[in-house]
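Report on one structure; see the data block that follows.
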Amino acid sequence: MCGVVGVVGSRPCVETIFEGLKRLEYRGYDSAGIATMSAGKIHTAKSDGKLVRLEGHLKELPASSSIGMGHTRWATHGAPTTQNAHPHVTGDLALIHNGIIENYRELKAELLKDGYSFKSETDSEVVLHLLSRELKTTPKMKDALLKVITRLEGAYGLGILWAGEPEALYLVKQGSPVVIGVGENENYFASDALALLPLTKSVIFLNDGEVGRLTKSGVELWDFSGKQLKRAPSVLNWTAASAEKQGYRHYMLKEIHEQPAVIANTIARLVDSASGKIDTKEMGIDDLDLTRVKSIVYVACGTAYYSAMIAKYSVEQMVGVPVSVELASEFRYRDPYLDKDTLVIAVTQSGETADTLACIKHAASRGCQTFAVCNVRFSSIPRSSTATLYMEAGPEVGVASTKAFTSMVLCHYLFGLAIGQKKDRISKESYQQALESLRQLPSAVDRAVNAAGLIEDVAAKYYEATNFIFIGRGPSFMVALEGALKLKEISYIHAEGYAGGELKHGPIALIDKHMPVVAVAPLDGHYEKMISNVEEVRAREGVCIGVGDLQDDKFKALCQDYIPCPQVKDAALQTILSVIPLQFLSYYVAVKRGTDVDQPRNLAKSVTVE
Ligand code: AGP
């Protein structure tokens with residue numbers, strides 16, 4: 001989950017590294033450091049806390065150095081202290097690591113017995129000393145690395161700087177992302193292409209089991225057997241501006257406001273406005289053998305998992321096969337029944353979530369077709385899947401996922417619609433109705449996003465609450481789950497999402513005037529039952545915040561506070577509209593509470609460790 005950036009060129013590199021780390025700070029931000037090489041010597045500057053604290057130490061580095069690397073840490077082993085911050089250095093060798101060395105304890109014991117001493121509590125430092133020891137008998141860095149790798153278990157994206165080759169940076173990729181940026185008389189590496197955007201769009205993604213060597217004029221690649229590899233660069237389709245805040249106070253706020261454009265662009269890209277035909281080639285569907293889709297299993301984590309739960313409501317009906325939705329972290333360990341006619345779909349914004357990636361690899365090993373719904377081109381999960389539907393929602397930097405969620409819900413809907421139509425399962429009338437809902441959606445999302453002012457007032461009334469319950473029924477149950485996740489992850493208030501029908505099976509015991517209940521009740525088939533839930537809450541001095549139709553005076557009269565939300569006919573698409581008030585509610589509550597909206601404590605944007 002850490003941010004990793006390296007540069008080798010002809011001009012001073014410290015500022016370039018620091019700026020790159022700033023663009024990756026959302027991946028991990030509890031300590032940071034930079035190491036550079038100058039006159040054959042390694043220099044480091046490190047600090048605990050946010051990256052801004054490192055800035056004051058940059059003057060400790062030689063201003064003229066043109067090769068170096070930096071790291072922002074998401075602590076796995078060892079507290080977030082300066083001592084545990086990367087790069088780790090011993091003599092003429094510096095190393096940064098993203099991932100977890102699962103067998104580090106036994107390696108550390110072996111090294112301690114060999115007389116090596118450790119400065120940090122991290123698992124990463126064992127790799128540094130293993131490499132330092134190996135170099136004593138294997139003088140070439142590449143060969144030494146290939147030997148050290150055979151001792152490591154777990155996930156590791158490594159960057160190495162060594163006085164033995166002062167003009168080169170070495171990289172290793174196994175389980176954690178590593179991408180190379182190809183510049184003009186300068187080359188780079190990073191744990192996320194976002195860091196490279198202002199420098200270059202020409203990138204080379206390393207695959208698991210690969211080692212790289214960068215100089216200012218060249219890139220070399222080998223696999224773990226030592227075989228040289230040739231790989232042409234790919235071209236990123238993101239702009240640097242799209243990864244900046246563009247005047248918004250927080251990335252999260254910007255990304256909430258980007259949703260109308262994301263929804264509109266996705267529909268425009270995938271649905272022909274004249275014929276209504278869906279572009280199944282662009283969606284990756286044409287790369288699937290649909291005769292081998294007798295069941296579908298979605299695997300995902302967090303927000304992506306909630307979007308997949310919504311997919312079940314539309315895809316199962318449209319495609320006409322059983323659809324199950326599994327938490328990736330559970331699925332991979334229970335040896336699930338899979339056969340060659342099971343389509344396993346990974347839903348992932350980052351394309352790097354370790355548990356989700358493991359599911360895809362497991363499914364492929366069982367002969368399944370695999371499909372990714374993903375927002376980051378060339379990331380690990382698409383590269384391990386049979387086919388991919390790229391969301392093209394633009395970089396999502398805020399740790400709390402917003403536009404990725406609504407984009408995923410739309411993509412799942414179009415996926416079901418496209419395959420249902422291909423299988424001739426959808427009547428012309430139903431298809432036209434779906435197209436009409438899609439036509440109405442962008443302006444409805446725009447209206448939902450422009451109702452933010454009222455929600456800021458509601459947030460000001462409830463930001464001191466210590467608990468929240470969110471309820472919904474049908475697809476709105478997933479909106480309740482997602483709304484609760486948003487609130488807890490950025491405001492640190494305990495919040496739970498519940499199916500409305502479950503309230504009386506326990507949670508209603510929690511209801512009193514101190515426990516705000518957010519009720520999501522669009523005008524769908526569950527509406528009357530949801531109104532009964534709200535009545536039950538009120539009968540126990542409960543306080544309801546309603547999210548429903550603008551004209552729904554009946555629901556509004558039952559609520560302490562009411563947030564109107566545009567409506568569309570389709571219940572699955574309605575979730576895209578109903579979640580937006582909850583995104584704003586969590587955002588404004590967090591701002592009132594003064595938490596770090598874009599980089600909430602303990603979290604990271606992409607969970608690349610298990
Ligand atoms: C959502 O707000 C969280 N940041 C988190 O639950 C996230 O959705 C989850 O980690 C999955 O990430 P992915 O979509 O990149 O796989």
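Identifiers in this document derive from the order of the structure tokens: chains are assigned A, B, ..., residues are numbered from 1 separately in each chain, and ligands are numbered from 1 in order of occurrence.
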
#### Entry: For Ala155 (chain A): contacts at 9 Å, only C-alpha atoms, fewer than 3 positions along chain excluded, given as number ranges by chain
A: 98-102, 152, 173-176, 608-609

#### Entry: Surrounding residues of Leu343 (chain A) excluding itself and chain neighbours under 6 positions, 12 Å, only C-alpha atoms, as a ChimeraX atom specification
/A:285,288-299,321-325,359-360,363-364,366-372,385-387

Now that the selection is made, can you save its residues with N, CA and C atoms as an mmCIF file, in the first residue's frame?
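The new file part.cif reads:
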data_model
loop_
_atom_site.group_PDB
_atom_site.id
_atom_site.type_symbol
_atom_site.label_atom_id
_atom_site.label_comp_id
_atom_site.auth_asym_id
_atom_site.auth_seq_id
_atom_site.Cartn_x
_atom_site.Cartn_y
_atom_site.Cartn_z
ATOM 1 N N ILE A 285 -16.661 -7.787 -23.437
ATOM 2 C CA ILE A 285 -17.575 -8.945 -23.473
ATOM 3 C C ILE A 285 -17.262 -9.847 -24.658
ATOM 4 N N LEU A 288 -15.122 -12.865 -24.154
ATOM 5 C CA LEU A 288 -15.608 -13.982 -23.320
ATOM 6 C C LEU A 288 -16.326 -15.003 -24.196
ATOM 7 N N ASP A 289 -16.263 -16.265 -23.790
ATOM 8 C CA ASP A 289 -17.069 -17.300 -24.445
ATOM 9 C C ASP A 289 -18.363 -17.425 -23.645
ATOM 10 N N LEU A 290 -19.415 -16.776 -24.133
ATOM 11 C CA LEU A 290 -20.667 -16.700 -23.359
ATOM 12 C C LEU A 290 -21.358 -18.056 -23.265
ATOM 13 N N THR A 291 -20.977 -18.989 -24.136
ATOM 14 C CA THR A 291 -21.599 -20.326 -24.017
ATOM 15 C C THR A 291 -21.083 -21.020 -22.756
ATOM 16 N N ARG A 292 -19.989 -20.474 -22.211
ATOM 17 C CA ARG A 292 -19.414 -21.088 -20.994
ATOM 18 C C ARG A 292 -19.756 -20.285 -19.752
ATOM 19 N N VAL A 293 -20.830 -19.508 -19.824
ATOM 20 C CA VAL A 293 -21.239 -18.739 -18.636
ATOM 21 C C VAL A 293 -22.546 -19.322 -18.098
ATOM 22 N N LYS A 294 -22.398 -20.317 -17.225
ATOM 23 C CA LYS A 294 -23.589 -20.968 -16.669
ATOM 24 C C LYS A 294 -23.873 -20.435 -15.255
ATOM 25 N N SER A 295 -22.859 -19.753 -14.668
ATOM 26 C CA SER A 295 -23.052 -19.078 -13.378
ATOM 27 C C SER A 295 -21.991 -17.996 -13.271
ATOM 28 N N ILE A 296 -22.290 -16.999 -12.450
ATOM 29 C CA ILE A 296 -21.373 -15.862 -12.276
ATOM 30 C C ILE A 296 -21.083 -15.685 -10.794
ATOM 31 N N VAL A 297 -19.801 -15.498 -10.473
ATOM 32 C CA VAL A 297 -19.405 -15.182 -9.093
ATOM 33 C C VAL A 297 -18.655 -13.847 -9.120
ATOM 34 N N TYR A 298 -19.181 -12.883 -8.392
ATOM 35 C CA TYR A 298 -18.461 -11.613 -8.223
ATOM 36 C C TYR A 298 -17.560 -11.712 -6.992
ATOM 37 N N VAL A 299 -16.346 -11.243 -7.100
ATOM 38 C CA VAL A 299 -15.448 -11.175 -5.946
ATOM 39 C C VAL A 299 -14.920 -9.739 -5.844
ATOM 40 N N VAL A 321 -28.675 -16.317 -15.303
ATOM 41 C CA VAL A 321 -27.872 -17.371 -14.662
ATOM 42 C C VAL A 321 -27.754 -17.001 -13.180
ATOM 43 N N PRO A 322 -27.470 -17.999 -12.330
ATOM 44 C CA PRO A 322 -27.293 -17.667 -10.908
ATOM 45 C C PRO A 322 -26.072 -16.775 -10.709
ATOM 46 N N VAL A 323 -26.267 -15.729 -9.923
ATOM 47 C CA VAL A 323 -25.171 -14.787 -9.618
ATOM 48 C C VAL A 323 -24.941 -14.805 -8.115
ATOM 49 N N SER A 324 -23.690 -15.039 -7.721
ATOM 50 C CA SER A 324 -23.366 -14.926 -6.285
ATOM 51 C C SER A 324 -22.307 -13.848 -6.118
ATOM 52 N N VAL A 325 -22.271 -13.287 -4.923
ATOM 53 C CA VAL A 325 -21.333 -12.187 -4.641
ATOM 54 C C VAL A 325 -20.556 -12.558 -3.391
ATOM 55 N N CYS A 359 -8.095 -14.131 -5.851
ATOM 56 C CA CYS A 359 -9.307 -14.850 -6.293
ATOM 57 C C CYS A 359 -9.274 -15.091 -7.795
ATOM 58 N N ILE A 360 -8.865 -14.078 -8.521
ATOM 59 C CA ILE A 360 -8.821 -14.209 -9.977
ATOM 60 C C ILE A 360 -7.818 -15.285 -10.374
ATOM 61 N N ALA A 363 -9.297 -18.670 -9.553
ATOM 62 C CA ALA A 363 -10.356 -19.037 -10.511
ATOM 63 C C ALA A 363 -9.737 -19.496 -11.831
ATOM 64 N N ALA A 364 -8.721 -18.762 -12.269
ATOM 65 C CA ALA A 364 -8.069 -19.136 -13.545
ATOM 66 C C ALA A 364 -7.440 -20.521 -13.426
ATOM 67 N N ARG A 366 -8.551 -22.882 -11.844
ATOM 68 C CA ARG A 366 -9.614 -23.896 -11.889
ATOM 69 C C ARG A 366 -10.318 -23.909 -13.243
ATOM 70 N N GLY A 367 -9.743 -23.233 -14.236
ATOM 71 C CA GLY A 367 -10.282 -23.283 -15.598
ATOM 72 C C GLY A 367 -11.423 -22.329 -15.867
ATOM 73 N N CYS A 368 -11.672 -21.403 -14.923
ATOM 74 C CA CYS A 368 -12.774 -20.436 -15.127
ATOM 75 C C CYS A 368 -12.337 -19.317 -16.068
ATOM 76 N N GLN A 369 -13.318 -18.768 -16.758
ATOM 77 C CA GLN A 369 -13.075 -17.464 -17.415
ATOM 78 C C GLN A 369 -13.136 -16.411 -16.315
ATOM 79 N N THR A 370 -12.277 -15.400 -16.436
ATOM 80 C CA THR A 370 -12.288 -14.342 -15.424
ATOM 81 C C THR A 370 -12.474 -12.999 -16.116
ATOM 82 N N PHE A 371 -13.115 -12.081 -15.421
ATOM 83 C CA PHE A 371 -13.462 -10.783 -16.001
ATOM 84 C C PHE A 371 -13.201 -9.722 -14.939
ATOM 85 N N ALA A 372 -12.608 -8.612 -15.342
ATOM 86 C CA ALA A 372 -12.332 -7.540 -14.372
ATOM 87 C C ALA A 372 -13.173 -6.320 -14.720
ATOM 88 N N SER A 385 -6.670 -11.227 -15.982
ATOM 89 C CA SER A 385 -8.045 -11.635 -16.290
ATOM 90 C C SER A 385 -8.217 -11.952 -17.781
ATOM 91 N N THR A 386 -9.226 -12.789 -18.085
ATOM 92 C CA THR A 386 -9.522 -13.121 -19.483
ATOM 93 C C THR A 386 -9.873 -11.851 -20.256
ATOM 94 N N ALA A 387 -10.672 -10.995 -19.630
ATOM 95 C CA ALA A 387 -11.121 -9.750 -20.282
ATOM 96 C C ALA A 387 -11.417 -8.711 -19.214
#

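Take CA of Ser329 (chain A) and CA of Ile419 (chain A): the distance between them is 27.9 Å.
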
Write out as an mmCIF file with all heavy atoms, in the first residue's frame which residues come within 8 Å of His129 (chain A) when counting only C-alpha atoms, dropping same-chain ones fewer than 3 positions away.
data_model
loop_
_atom_site.group_PDB
_atom_site.id
_atom_site.type_symbol
_atom_site.label_atom_id
_atom_site.label_comp_id
_atom_site.auth_asym_id
_atom_site.auth_seq_id
_atom_site.Cartn_x
_atom_site.Cartn_y
_atom_site.Cartn_z
ATOM 1 N N THR A 90 22.163 0.180 4.563
ATOM 2 C CA THR A 90 23.313 -0.389 5.260
ATOM 3 C C THR A 90 24.530 -0.149 4.373
ATOM 4 O O THR A 90 24.564 -0.576 3.225
ATOM 5 C CB THR A 90 23.132 -1.894 5.569
ATOM 6 O OG1 THR A 90 24.352 -2.371 6.183
ATOM 7 C CG2 THR A 90 22.847 -2.718 4.336
ATOM 8 N N LEU A 111 19.909 -13.972 10.035
ATOM 9 C CA LEU A 111 20.834 -12.842 9.856
ATOM 10 C C LEU A 111 21.437 -12.409 11.188
ATOM 11 O O LEU A 111 22.619 -12.100 11.285
ATOM 12 C CB LEU A 111 20.104 -11.686 9.173
ATOM 13 C CG LEU A 111 19.761 -11.916 7.695
ATOM 14 C CD1 LEU A 111 18.628 -10.989 7.243
ATOM 15 C CD2 LEU A 111 21.000 -11.725 6.821
ATOM 16 N N TYR A 116 24.442 -9.876 11.823
ATOM 17 C CA TYR A 116 23.851 -8.635 11.292
ATOM 18 C C TYR A 116 23.004 -7.977 12.377
ATOM 19 O O TYR A 116 22.344 -8.656 13.164
ATOM 20 C CB TYR A 116 22.992 -8.928 10.068
ATOM 21 C CG TYR A 116 23.836 -9.254 8.851
ATOM 22 C CD1 TYR A 116 24.297 -10.546 8.627
ATOM 23 C CD2 TYR A 116 24.239 -8.253 7.974
ATOM 24 C CE1 TYR A 116 25.114 -10.839 7.547
ATOM 25 C CE2 TYR A 116 25.046 -8.539 6.882
ATOM 26 C CZ TYR A 116 25.492 -9.829 6.688
ATOM 27 O OH TYR A 116 26.315 -10.114 5.619
ATOM 28 N N GLU A 125 13.561 -4.734 6.311
ATOM 29 C CA GLU A 125 15.005 -4.624 6.550
ATOM 30 C C GLU A 125 15.730 -5.951 6.365
ATOM 31 O O GLU A 125 16.919 -5.986 6.044
ATOM 32 C CB GLU A 125 15.290 -4.053 7.943
ATOM 33 C CG GLU A 125 16.733 -3.531 8.074
ATOM 34 C CD GLU A 125 17.045 -2.980 9.464
ATOM 35 O OE1 GLU A 125 16.104 -2.777 10.269
ATOM 36 O OE2 GLU A 125 18.241 -2.752 9.731
ATOM 37 N N VAL A 126 14.992 -7.056 6.480
ATOM 38 C CA VAL A 126 15.682 -8.357 6.280
ATOM 39 C C VAL A 126 16.143 -8.487 4.825
ATOM 40 O O VAL A 126 17.201 -9.051 4.547
ATOM 41 C CB VAL A 126 14.799 -9.572 6.671
ATOM 42 C CG1 VAL A 126 14.417 -9.579 8.119
ATOM 43 C CG2 VAL A 126 13.612 -9.714 5.771
ATOM 44 N N SER A 132 22.736 -7.448 1.096
ATOM 45 C CA SER A 132 24.090 -6.994 1.457
ATOM 46 C C SER A 132 24.998 -8.197 1.651
ATOM 47 O O SER A 132 26.133 -8.235 1.154
ATOM 48 C CB SER A 132 24.000 -6.169 2.747
ATOM 49 O OG SER A 132 25.274 -5.888 3.216
ATOM 50 N N ARG A 133 24.474 -9.223 2.311
ATOM 51 C CA ARG A 133 25.269 -10.434 2.536
ATOM 52 C C ARG A 133 25.559 -11.130 1.206
ATOM 53 O O ARG A 133 26.673 -11.544 0.936
ATOM 54 C CB ARG A 133 24.503 -11.383 3.466
ATOM 55 C CG ARG A 133 25.269 -12.636 3.830
ATOM 56 C CD ARG A 133 24.501 -13.503 4.827
ATOM 57 N NE ARG A 133 23.307 -14.086 4.232
ATOM 58 C CZ ARG A 133 22.491 -14.931 4.874
ATOM 59 N NH1 ARG A 133 22.713 -15.243 6.142
ATOM 60 N NH2 ARG A 133 21.434 -15.442 4.284
#

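Using only C-alpha atoms and all ligand atoms, we find that the residues with an atom at most 7 Å from any atom of ligand 1 are Ala300, Cys301, Gly302, Thr303, Ala304, Val347, Thr348, Gln349, Ser350, Gly351, Glu352, Thr353, Thr356, Val399, Ala400, Ser401, Thr402, Leu485, Lys486, Lys605, Ser606 and Val607 of chain A.
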
Let's have the selection written as a compact mmCIF listing (two decimals), in the first residue's frame, with all heavy atoms.
# COMPACT_ATOMS: atom_id res chain seq x y z
N ALA A 300 -14.95 -9.22 -4.64
CA ALA A 300 -14.54 -7.81 -4.44
C ALA A 300 -14.39 -7.54 -2.95
O ALA A 300 -14.69 -8.41 -2.12
CB ALA A 300 -15.59 -6.87 -5.04
N CYS A 301 -13.94 -6.33 -2.64
CA CYS A 301 -13.77 -5.88 -1.25
C CYS A 301 -14.45 -4.53 -1.08
O CYS A 301 -14.58 -3.78 -2.03
CB CYS A 301 -12.29 -5.76 -0.91
SG CYS A 301 -11.36 -7.27 -1.13
N GLY A 302 -14.85 -4.25 0.13
CA GLY A 302 -15.32 -2.91 0.49
C GLY A 302 -16.40 -2.37 -0.43
O GLY A 302 -17.36 -3.05 -0.76
N THR A 303 -16.19 -1.15 -0.85
CA THR A 303 -17.18 -0.46 -1.71
C THR A 303 -17.43 -1.25 -2.98
O THR A 303 -18.57 -1.38 -3.45
CB THR A 303 -16.65 0.94 -2.04
OG1 THR A 303 -16.78 1.75 -0.87
CG2 THR A 303 -17.40 1.58 -3.18
N ALA A 304 -16.37 -1.82 -3.54
CA ALA A 304 -16.52 -2.60 -4.78
C ALA A 304 -17.44 -3.79 -4.54
O ALA A 304 -18.25 -4.17 -5.40
CB ALA A 304 -15.15 -3.06 -5.27
N VAL A 347 -14.25 -7.06 -9.18
CA VAL A 347 -14.61 -5.64 -9.23
C VAL A 347 -13.60 -4.88 -8.38
O VAL A 347 -13.42 -5.20 -7.19
CB VAL A 347 -16.03 -5.41 -8.69
CG1 VAL A 347 -16.45 -3.95 -8.89
CG2 VAL A 347 -17.04 -6.34 -9.37
N THR A 348 -12.90 -3.95 -9.00
CA THR A 348 -11.81 -3.30 -8.28
C THR A 348 -11.43 -1.96 -8.90
O THR A 348 -11.11 -1.91 -10.08
CB THR A 348 -10.56 -4.20 -8.23
OG1 THR A 348 -9.46 -3.48 -7.70
CG2 THR A 348 -10.21 -4.76 -9.58
N GLN A 349 -11.48 -0.90 -8.15
CA GLN A 349 -11.08 0.42 -8.65
C GLN A 349 -9.60 0.42 -8.98
O GLN A 349 -9.23 0.74 -10.10
CB GLN A 349 -11.37 1.48 -7.57
CG GLN A 349 -11.25 2.92 -8.01
CD GLN A 349 -9.81 3.42 -8.16
OE1 GLN A 349 -9.50 4.05 -9.15
NE2 GLN A 349 -8.93 3.16 -7.20
N SER A 350 -8.78 -0.03 -8.06
CA SER A 350 -7.32 0.08 -8.21
C SER A 350 -6.73 -0.98 -9.11
O SER A 350 -5.66 -0.83 -9.67
CB SER A 350 -6.65 -0.02 -6.84
OG SER A 350 -6.91 -1.33 -6.31
N GLY A 351 -7.40 -2.16 -9.15
CA GLY A 351 -6.80 -3.27 -9.90
C GLY A 351 -5.63 -3.91 -9.18
O GLY A 351 -4.92 -4.73 -9.75
N GLU A 352 -5.44 -3.54 -7.91
CA GLU A 352 -4.26 -4.06 -7.17
C GLU A 352 -4.64 -4.71 -5.84
O GLU A 352 -3.76 -5.18 -5.14
CB GLU A 352 -3.28 -2.92 -6.89
CG GLU A 352 -2.70 -2.26 -8.13
CD GLU A 352 -1.84 -3.20 -9.00
OE1 GLU A 352 -1.50 -4.31 -8.52
OE2 GLU A 352 -1.54 -2.83 -10.15
N THR A 353 -5.90 -4.79 -5.50
CA THR A 353 -6.29 -5.35 -4.19
C THR A 353 -5.87 -6.80 -4.10
O THR A 353 -6.29 -7.63 -4.91
CB THR A 353 -7.80 -5.19 -3.99
OG1 THR A 353 -8.10 -3.80 -4.04
CG2 THR A 353 -8.27 -5.76 -2.67
N THR A 356 -8.47 -9.69 -3.93
CA THR A 356 -9.24 -9.83 -5.17
C THR A 356 -8.38 -10.44 -6.27
O THR A 356 -8.81 -11.33 -7.01
CB THR A 356 -9.78 -8.45 -5.61
OG1 THR A 356 -10.43 -7.82 -4.50
CG2 THR A 356 -10.76 -8.57 -6.76
N VAL A 399 -9.31 8.44 -0.54
CA VAL A 399 -9.32 7.05 -0.06
C VAL A 399 -10.75 6.53 -0.03
O VAL A 399 -11.02 5.38 -0.35
CB VAL A 399 -8.67 6.95 1.33
CG1 VAL A 399 -8.96 5.61 1.98
CG2 VAL A 399 -7.17 7.17 1.22
N ALA A 400 -11.70 7.38 0.32
CA ALA A 400 -13.10 6.96 0.33
C ALA A 400 -13.62 6.98 -1.11
O ALA A 400 -13.65 7.99 -1.77
CB ALA A 400 -13.93 7.89 1.19
N SER A 401 -14.02 5.81 -1.57
CA SER A 401 -14.42 5.67 -2.97
C SER A 401 -15.80 6.25 -3.21
O SER A 401 -16.73 5.98 -2.46
CB SER A 401 -14.42 4.16 -3.28
OG SER A 401 -14.49 3.96 -4.66
N THR A 402 -15.93 7.06 -4.24
CA THR A 402 -17.24 7.69 -4.53
C THR A 402 -17.60 7.46 -6.01
O THR A 402 -18.43 6.63 -6.31
CB THR A 402 -17.17 9.21 -4.23
OG1 THR A 402 -15.99 9.74 -4.87
CG2 THR A 402 -17.10 9.46 -2.74
N LEU A 485 -20.29 2.74 5.36
CA LEU A 485 -18.84 2.61 5.16
C LEU A 485 -18.22 3.98 4.95
O LEU A 485 -17.18 4.31 5.54
CB LEU A 485 -18.55 1.70 3.96
CG LEU A 485 -17.08 1.59 3.56
CD1 LEU A 485 -16.24 1.02 4.68
CD2 LEU A 485 -16.91 0.73 2.30
N LYS A 486 -18.83 4.80 4.12
CA LYS A 486 -18.32 6.16 3.88
C LYS A 486 -18.17 6.90 5.20
O LYS A 486 -17.15 7.49 5.51
CB LYS A 486 -19.27 6.94 2.96
CG LYS A 486 -19.29 6.51 1.51
CD LYS A 486 -18.03 6.79 0.74
CE LYS A 486 -16.97 5.77 0.78
NZ LYS A 486 -16.98 4.53 0.11
N LYS A 605 -5.40 3.79 0.02
CA LYS A 605 -6.31 3.74 -1.13
C LYS A 605 -6.36 2.36 -1.77
O LYS A 605 -7.40 1.92 -2.20
CB LYS A 605 -5.86 4.76 -2.19
CG LYS A 605 -6.78 4.82 -3.40
CD LYS A 605 -8.19 5.23 -3.04
CE LYS A 605 -9.13 5.25 -4.22
NZ LYS A 605 -10.53 5.45 -3.79
N SER A 606 -5.22 1.69 -1.78
CA SER A 606 -5.24 0.40 -2.45
C SER A 606 -4.62 -0.63 -1.52
O SER A 606 -3.47 -0.50 -1.12
CB SER A 606 -4.42 0.51 -3.74
OG SER A 606 -4.31 -0.75 -4.33
N VAL A 607 -5.40 -1.66 -1.16
CA VAL A 607 -4.95 -2.63 -0.15
C VAL A 607 -4.20 -3.76 -0.85
O VAL A 607 -4.75 -4.79 -1.20
CB VAL A 607 -6.16 -3.18 0.63
CG1 VAL A 607 -5.68 -4.13 1.74
CG2 VAL A 607 -6.96 -2.04 1.24

### Query
DSSP says strand (DSSP E) for which residues of region 454-516 of chain A? Put them as JSON, numbers by chain?
{"A": [467, 468, 469, 470, 471, 472, 494, 495, 496, 497, 498, 499, 516]}
